[in-house]
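Here is the file data34.pdb (PDB, C-alpha atoms).
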```
MODEL        1
ATOM      1  CA  MET Z  13     -68.853 -50.784  63.663
ATOM      2  CA  ARG Z  14     -71.448 -53.550  63.680
ATOM      3  CA  PHE Z  15     -73.771 -54.212  60.793
ATOM      4  CA  PRO Z  16     -77.293 -55.485  61.411
ATOM      5  CA  ARG Z  17     -78.026 -59.031  60.344
ATOM      6  CA  LEU Z  18     -80.653 -59.437  57.706
ATOM      7  CA  ARG Z  19     -82.870 -62.472  57.750
ATOM      8  CA  TRP Z  20     -85.013 -63.732  54.951
ATOM      9  CA  THR Z  21     -87.082 -66.829  55.535
ATOM     10  CA  LEU Z  22     -90.039 -68.572  53.989
ATOM     11  CA  PRO Z  23     -92.458 -70.897  55.711
ATOM     12  CA  PRO Z  24     -91.291 -74.486  55.077
ATOM     13  CA  ALA Z  25     -94.300 -75.418  52.912
ATOM     14  CA  THR Z  26     -93.834 -72.340  50.726
ATOM     15  CA  ALA Z  27     -90.111 -72.980  50.358
ATOM     16  CA  ALA Z  28     -90.693 -76.633  49.405
ATOM     17  CA  ALA Z  29     -93.323 -75.731  46.795
ATOM     18  CA  ALA Z  30     -91.075 -73.029  45.324
ATOM     19  CA  LEU Z  31     -88.114 -75.401  45.146
ATOM     20  CA  LEU Z  32     -90.210 -78.125  43.547
ATOM     21  CA  THR Z  33     -91.523 -75.707  40.931
ATOM     22  CA  LEU Z  34     -88.056 -74.345  40.152
ATOM     23  CA  VAL Z  35     -86.372 -77.724  39.866
ATOM     24  CA  THR Z  36     -89.013 -79.791  38.118
ATOM     25  CA  GLY Z  37     -91.324 -77.264  36.480
ATOM     26  CA  PRO Z  38     -94.949 -76.374  37.119
ATOM     27  CA  GLN Z  39     -96.400 -79.617  35.713
ATOM     28  CA  ALA Z  40     -94.459 -81.771  38.176
ATOM     29  CA  ALA Z  41     -95.447 -79.586  41.131
ATOM     30  CA  ALA Z  42     -99.066 -80.491  40.424
ATOM     31  CA  ASP Z  43     -98.341 -84.238  40.253
ATOM     32  CA  THR Z  44     -98.868 -86.480  43.239
ATOM     33  CA  PHE Z  45     -96.094 -88.169  45.192
ATOM     34  CA  PRO Z  46     -94.508 -90.457  44.136
ATOM     35  CA  TYR Z  47     -94.175 -89.779  40.464
ATOM     36  CA  GLY Z  48     -91.667 -90.467  37.756
ATOM     37  CA  HIS Z  49     -91.825 -89.541  34.116
ATOM     38  CA  LEU Z  50     -89.637 -90.556  31.205
ATOM     39  CA  TYR Z  51     -89.742 -88.450  28.037
ATOM     40  CA  THR Z  52     -88.987 -89.354  24.432
ATOM     41  CA  GLY Z  53     -87.236 -86.018  23.840
ATOM     42  CA  PRO Z  54     -84.477 -84.061  25.577
ATOM     43  CA  ALA Z  55     -85.236 -81.467  28.267
ATOM     44  CA  ARG Z  56     -88.459 -83.216  29.308
ATOM     45  CA  SER Z  57     -90.089 -82.891  25.902
ATOM     46  CA  GLY Z  58     -91.912 -85.302  23.654
ATOM     47  CA  THR Z  59     -94.185 -88.135  24.743
ATOM     48  CA  VAL Z  60     -94.487 -88.708  28.513
ATOM     49  CA  MET Z  61     -94.226 -92.242  29.918
ATOM     50  CA  ASP Z  62     -94.997 -92.845  33.593
ATOM     51  CA  ILE Z  63     -92.679 -94.940  35.758
ATOM     52  CA  ASP Z  64     -94.619 -97.762  37.423
ATOM     53  CA  TYR Z  65     -93.717 -97.907  41.137
ATOM     54  CA  SER Z  66     -96.253-100.636  41.969
ATOM     55  CA  ASP Z  67     -93.806-103.567  41.913
ATOM     56  CA  PRO Z  68     -90.177-102.681  42.786
ATOM     57  CA  GLY Z  69     -87.537-105.026  41.434
ATOM     58  CA  VAL Z  70     -89.440-105.930  38.256
ATOM     59  CA  CYS Z  71     -87.845-105.065  34.908
ATOM     60  CA  ARG Z  72     -90.104-103.011  32.660
ATOM     61  CA  THR Z  73     -89.743-102.334  28.940
ATOM     62  CA  LEU Z  74     -90.637 -98.881  27.650
ATOM     63  CA  PRO Z  75     -93.026 -98.469  24.692
ATOM     64  CA  ALA Z  76     -90.576 -95.922  23.192
ATOM     65  CA  ALA Z  77     -86.982 -94.950  23.950
ATOM     66  CA  ALA Z  78     -86.571 -92.253  26.626
ATOM     67  CA  ARG Z  79     -84.141 -89.318  26.356
ATOM     68  CA  SER Z  80     -84.912 -87.433  29.590
ATOM     69  CA  TYR Z  81     -86.574 -87.942  32.983
ATOM     70  CA  ASP Z  82     -88.255 -86.251  35.949
ATOM     71  CA  VAL Z  83     -88.527 -88.153  39.255
ATOM     72  CA  LEU Z  84     -89.849 -87.411  42.756
ATOM     73  CA  ALA Z  85     -90.237 -90.658  44.703
ATOM     74  CA  GLU Z  86     -88.901 -92.636  47.637
ATOM     75  CA  HIS Z  87     -87.311 -95.270  45.376
ATOM     76  CA  ASP Z  88     -84.328 -94.931  43.063
ATOM     77  CA  VAL Z  89     -84.823 -96.102  39.479
ATOM     78  CA  ASP Z  90     -82.199 -97.917  37.398
ATOM     79  CA  LEU Z  91     -82.377 -97.076  33.692
ATOM     80  CA  PHE Z  92     -80.922 -99.391  31.056
ATOM     81  CA  PHE Z  93     -79.783 -98.744  27.495
ATOM     82  CA  ASN Z  94     -80.534-102.352  26.459
ATOM     83  CA  PRO Z  95     -83.757-104.414  26.574
ATOM     84  CA  GLY Z  96     -84.470-106.692  29.519
ATOM     85  CA  CYS Z  97     -82.634-104.438  32.002
ATOM     86  CA  ARG Z  98     -79.331-105.699  30.615
ATOM     87  CA  THR Z  99     -76.362-103.548  31.605
ATOM     88  CA  GLY Z 100     -73.946-102.094  29.078
ATOM     89  CA  ALA Z 101     -73.789 -99.338  26.497
ATOM     90  CA  PRO Z 102     -76.444 -99.595  23.772
ATOM     91  CA  GLY Z 103     -76.008-102.895  21.943
ATOM     92  CA  GLU Z 104     -73.038-103.939  24.091
ATOM     93  CA  ASN Z 105     -72.412-105.971  27.228
ATOM     94  CA  GLY Z 106     -70.866-104.353  30.275
ATOM     95  CA  ASP Z 107     -71.726-102.897  33.653
ATOM     96  CA  LEU Z 108     -73.097 -99.538  32.473
ATOM     97  CA  TYR Z 109     -76.552 -98.332  33.508
ATOM     98  CA  TYR Z 110     -77.976 -95.037  34.786
ATOM     99  CA  ARG Z 111     -79.476 -94.563  38.262
ATOM    100  CA  VAL Z 112     -81.801 -91.669  38.945
ATOM    101  CA  GLY Z 113     -82.313 -90.586  42.519
ATOM    102  CA  THR Z 114     -85.408 -89.771  44.462
ATOM    103  CA  PHE Z 115     -85.510 -86.067  43.532
ATOM    104  CA  ASN Z 116     -83.994 -85.746  40.100
ATOM    105  CA  ALA Z 117     -84.485 -84.500  36.550
ATOM    106  CA  GLY Z 118     -82.275 -84.343  33.486
ATOM    107  CA  ASP Z 119     -81.233 -85.641  30.103
ATOM    108  CA  LEU Z 120     -79.868 -89.138  29.489
ATOM    109  CA  PRO Z 121     -76.561 -89.942  27.746
ATOM    110  CA  TRP Z 122     -78.223 -92.549  25.465
ATOM    111  CA  ALA Z 123     -81.760 -93.673  24.802
ATOM    112  CA  VAL Z 124     -83.178 -95.766  27.656
ATOM    113  CA  VAL Z 125     -85.320 -98.776  26.670
ATOM    114  CA  SER Z 126     -85.946-100.535  30.012
ATOM    115  CA  TYR Z 127     -85.972 -99.719  33.737
ATOM    116  CA  ARG Z 128     -86.264-101.243  37.194
ATOM    117  CA  VAL Z 129     -87.527 -99.509  40.343
ATOM    118  CA  ARG Z 130     -85.183-100.340  43.200
ATOM    119  CA  PRO Z 131     -86.733-101.714  46.385
ATOM    120  CA  ALA Z 132     -86.534 -99.333  49.368
ATOM    121  CA  GLY Z 133     -83.214 -99.408  51.167
ATOM    122  CA  GLN Z 134     -81.145-100.646  48.206
TER
ENDMDL
END
```
Translate the structure described by the file into structure tokens.
Amino acid sequence: MRFPRLRWTLPPATAAAALLTLVTGPQAAADTFPYGHLYTGPARSGTVMDIDYSDPGVCRTLPAAARSYDVLAEHDVDLFFNPGCRTGAPGENGDLYYRVGTFNAGDLPWAVVSYRVRPAGQ
């Protein structure tokens, strides 16, 4: 006995908007591409700080420590737990830093105090 195949599809634009809303929340769906936000609290709460994509490769210091992030951009962003984009755990030297991808959101393991947008292709 053969069972009929069921198909359920959405137009691509509808599917993309639904996915964006589910993953990043309604506020991010209304933002323009590219965007990146760092938040002072966990779970994208607290004060919002925008990631500056205008000059990739330049280290930027945050006005307040970030605990979570929300990113939709064509560049990855390296987040650092020490000032001056210095690698290492907070207050220590080492090779530790946190890279967020081009379509990403989440909480950070430690407070981030500086970041660098990676140039395209790196």
Expected selection from the PyMOL selection byres ((chain Z and resi 77) around 10), given as a PyMOL selection string: chain Z and resi 50-53+59+61+73-76+78-80+93+122-126
File of the preceding selection, C-alpha atoms, as a short mmCIF file (atom, residue, chain, number, x, y, z; two decimals), in the coordinates of the input:
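Printed below is selection-v7.cif as written:
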```cif
data_model
loop_
_atom_site.label_atom_id
_atom_site.label_comp_id
_atom_site.auth_asym_id
_atom_site.auth_seq_id
_atom_site.Cartn_x
_atom_site.Cartn_y
_atom_site.Cartn_z
CA LEU Z 50 -89.64 -90.56 31.20
CA TYR Z 51 -89.74 -88.45 28.04
CA THR Z 52 -88.99 -89.35 24.43
CA GLY Z 53 -87.24 -86.02 23.84
CA THR Z 59 -94.18 -88.14 24.74
CA MET Z 61 -94.23 -92.24 29.92
CA THR Z 73 -89.74 -102.33 28.94
CA LEU Z 74 -90.64 -98.88 27.65
CA PRO Z 75 -93.03 -98.47 24.69
CA ALA Z 76 -90.58 -95.92 23.19
CA ALA Z 78 -86.57 -92.25 26.63
CA ARG Z 79 -84.14 -89.32 26.36
CA SER Z 80 -84.91 -87.43 29.59
CA PHE Z 93 -79.78 -98.74 27.50
CA TRP Z 122 -78.22 -92.55 25.46
CA ALA Z 123 -81.76 -93.67 24.80
CA VAL Z 124 -83.18 -95.77 27.66
CA VAL Z 125 -85.32 -98.78 26.67
CA SER Z 126 -85.95 -100.54 30.01
#
```
Using all atoms listed in the file, which of the listed residues (Z:Phe115, Z:Tyr127, Z:Tyr65, Z:Tyr81) sits closest to Arg98 of chain Z? Z:Tyr127
Just say which residues the PyMOL selection byres ((chain Z and resi 70) around 9) picks in this file, as an MDAnalysis selection string. chainID Z and resid 67:69 71:72 127:130
Restricting it to C-alpha atoms, dump the selection as an mmCIF file, keeping the file's coordinate frame.
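Output file again01.cif is given in full below:
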```cif
data_model
loop_
_atom_site.group_PDB
_atom_site.id
_atom_site.type_symbol
_atom_site.label_atom_id
_atom_site.label_comp_id
_atom_site.auth_asym_id
_atom_site.auth_seq_id
_atom_site.Cartn_x
_atom_site.Cartn_y
_atom_site.Cartn_z
ATOM 1 C CA ASP Z 67 -93.806 -103.567 41.913
ATOM 2 C CA PRO Z 68 -90.177 -102.681 42.786
ATOM 3 C CA GLY Z 69 -87.537 -105.026 41.434
ATOM 4 C CA CYS Z 71 -87.845 -105.065 34.908
ATOM 5 C CA ARG Z 72 -90.104 -103.011 32.660
ATOM 6 C CA TYR Z 127 -85.972 -99.719 33.737
ATOM 7 C CA ARG Z 128 -86.264 -101.243 37.194
ATOM 8 C CA VAL Z 129 -87.527 -99.509 40.343
ATOM 9 C CA ARG Z 130 -85.183 -100.340 43.200
#
```
Could I get segment 95-122 of chain Z from the block written out with N, CA and C atoms, as a PDB file, in the first residue's frame?
```pdb
ATOM      1  N   PRO Z  95      40.767  44.598  27.400  1.00  0.00           N
ATOM      2  CA  PRO Z  95      40.829  45.823  26.592  1.00  0.00           C
ATOM      3  C   PRO Z  95      41.857  45.698  25.466  1.00  0.00           C
ATOM      4  N   GLY Z  96      41.682  46.539  24.448  1.00  0.00           N
ATOM      5  CA  GLY Z  96      42.644  46.597  23.356  1.00  0.00           C
ATOM      6  C   GLY Z  96      42.661  45.365  22.475  1.00  0.00           C
ATOM      7  N   CYS Z  97      41.582  44.606  22.458  1.00  0.00           N
ATOM      8  CA  CYS Z  97      41.479  43.375  21.662  1.00  0.00           C
ATOM      9  C   CYS Z  97      42.599  42.395  22.000  1.00  0.00           C
ATOM     10  N   ARG Z  98      42.983  42.365  23.258  1.00  0.00           N
ATOM     11  CA  ARG Z  98      44.015  41.441  23.725  1.00  0.00           C
ATOM     12  C   ARG Z  98      43.363  40.103  24.048  1.00  0.00           C
ATOM     13  N   THR Z  99      43.936  39.026  23.516  1.00  0.00           N
ATOM     14  CA  THR Z  99      43.396  37.695  23.747  1.00  0.00           C
ATOM     15  C   THR Z  99      43.690  37.232  25.173  1.00  0.00           C
ATOM     16  N   GLY Z 100      42.907  36.256  25.610  1.00  0.00           N
ATOM     17  CA  GLY Z 100      43.074  35.686  26.941  1.00  0.00           C
ATOM     18  C   GLY Z 100      41.794  35.797  27.753  1.00  0.00           C
ATOM     19  N   ALA Z 101      41.714  34.985  28.795  1.00  0.00           N
ATOM     20  CA  ALA Z 101      40.596  35.089  29.731  1.00  0.00           C
ATOM     21  C   ALA Z 101      40.664  36.457  30.405  1.00  0.00           C
ATOM     22  N   PRO Z 102      39.586  36.904  31.014  1.00  0.00           N
ATOM     23  CA  PRO Z 102      39.602  38.236  31.641  1.00  0.00           C
ATOM     24  C   PRO Z 102      40.775  38.419  32.600  1.00  0.00           C
ATOM     25  N   GLY Z 103      41.578  39.447  32.336  1.00  0.00           N
ATOM     26  CA  GLY Z 103      42.715  39.763  33.191  1.00  0.00           C
ATOM     27  C   GLY Z 103      43.920  38.864  33.016  1.00  0.00           C
ATOM     28  N   GLU Z 104      43.892  37.988  32.019  1.00  0.00           N
ATOM     29  CA  GLU Z 104      45.001  37.056  31.789  1.00  0.00           C
ATOM     30  C   GLU Z 104      45.454  37.107  30.338  1.00  0.00           C
ATOM     31  N   ASN Z 105      46.681  36.663  30.101  1.00  0.00           N
ATOM     32  CA  ASN Z 105      47.184  36.518  28.738  1.00  0.00           C
ATOM     33  C   ASN Z 105      46.848  35.115  28.246  1.00  0.00           C
ATOM     34  N   GLY Z 106      46.768  34.964  26.952  1.00  0.00           N
ATOM     35  CA  GLY Z 106      46.478  33.661  26.366  1.00  0.00           C
ATOM     36  C   GLY Z 106      45.953  33.843  24.957  1.00  0.00           C
ATOM     37  N   ASP Z 107      45.378  32.784  24.407  1.00  0.00           N
ATOM     38  CA  ASP Z 107      44.880  32.857  23.039  1.00  0.00           C
ATOM     39  C   ASP Z 107      43.352  32.841  22.966  1.00  0.00           C
ATOM     40  N   LEU Z 108      42.681  33.024  24.077  1.00  0.00           N
ATOM     41  CA  LEU Z 108      41.231  32.937  24.145  1.00  0.00           C
ATOM     42  C   LEU Z 108      40.554  34.212  23.654  1.00  0.00           C
ATOM     43  N   TYR Z 109      39.590  34.057  22.782  1.00  0.00           N
ATOM     44  CA  TYR Z 109      38.668  35.120  22.377  1.00  0.00           C
ATOM     45  C   TYR Z 109      37.417  34.432  21.865  1.00  0.00           C
ATOM     46  N   TYR Z 110      36.393  35.167  21.499  1.00  0.00           N
ATOM     47  CA  TYR Z 110      35.116  34.597  21.101  1.00  0.00           C
ATOM     48  C   TYR Z 110      34.747  35.152  19.739  1.00  0.00           C
ATOM     49  N   ARG Z 111      34.496  34.286  18.760  1.00  0.00           N
ATOM     50  CA  ARG Z 111      34.126  34.737  17.420  1.00  0.00           C
ATOM     51  C   ARG Z 111      32.642  34.469  17.200  1.00  0.00           C
ATOM     52  N   VAL Z 112      31.928  35.509  16.805  1.00  0.00           N
ATOM     53  CA  VAL Z 112      30.527  35.326  16.445  1.00  0.00           C
ATOM     54  C   VAL Z 112      30.415  35.342  14.939  1.00  0.00           C
ATOM     55  N   GLY Z 113      29.575  34.465  14.419  1.00  0.00           N
ATOM     56  CA  GLY Z 113      29.421  34.326  12.982  1.00  0.00           C
ATOM     57  C   GLY Z 113      28.520  35.381  12.378  1.00  0.00           C
ATOM     58  N   THR Z 114      28.145  35.134  11.149  1.00  0.00           N
ATOM     59  CA  THR Z 114      27.391  36.116  10.396  1.00  0.00           C
ATOM     60  C   THR Z 114      25.897  36.072  10.668  1.00  0.00           C
ATOM     61  N   PHE Z 115      25.409  35.014  11.286  1.00  0.00           N
ATOM     62  CA  PHE Z 115      23.989  34.886  11.624  1.00  0.00           C
ATOM     63  C   PHE Z 115      23.943  34.168  12.956  1.00  0.00           C
ATOM     64  N   ASN Z 116      23.988  34.944  14.037  1.00  0.00           N
ATOM     65  CA  ASN Z 116      24.272  34.383  15.345  1.00  0.00           C
ATOM     66  C   ASN Z 116      23.636  35.204  16.450  1.00  0.00           C
ATOM     67  N   ALA Z 117      23.307  34.560  17.555  1.00  0.00           N
ATOM     68  CA  ALA Z 117      22.846  35.252  18.752  1.00  0.00           C
ATOM     69  C   ALA Z 117      23.112  34.350  19.947  1.00  0.00           C
ATOM     70  N   GLY Z 118      23.382  34.935  21.097  1.00  0.00           N
ATOM     71  CA  GLY Z 118      23.587  34.119  22.283  1.00  0.00           C
ATOM     72  C   GLY Z 118      24.195  34.886  23.435  1.00  0.00           C
ATOM     73  N   ASP Z 119      24.475  34.140  24.490  1.00  0.00           N
ATOM     74  CA  ASP Z 119      25.122  34.700  25.678  1.00  0.00           C
ATOM     75  C   ASP Z 119      26.630  34.462  25.584  1.00  0.00           C
ATOM     76  N   LEU Z 120      27.389  35.267  26.291  1.00  0.00           N
ATOM     77  CA  LEU Z 120      28.848  35.178  26.279  1.00  0.00           C
ATOM     78  C   LEU Z 120      29.349  34.546  27.576  1.00  0.00           C
ATOM     79  N   PRO Z 121      30.462  33.807  27.520  1.00  0.00           N
ATOM     80  CA  PRO Z 121      30.965  33.144  28.729  1.00  0.00           C
ATOM     81  C   PRO Z 121      31.492  34.118  29.784  1.00  0.00           C
ATOM     82  N   TRP Z 122      32.051  35.243  29.355  1.00  0.00           N
ATOM     83  CA  TRP Z 122      32.530  36.311  30.240  1.00  0.00           C
ATOM     84  C   TRP Z 122      32.138  37.638  29.618  1.00  0.00           C
TER      85      TRP Z 122
END
```
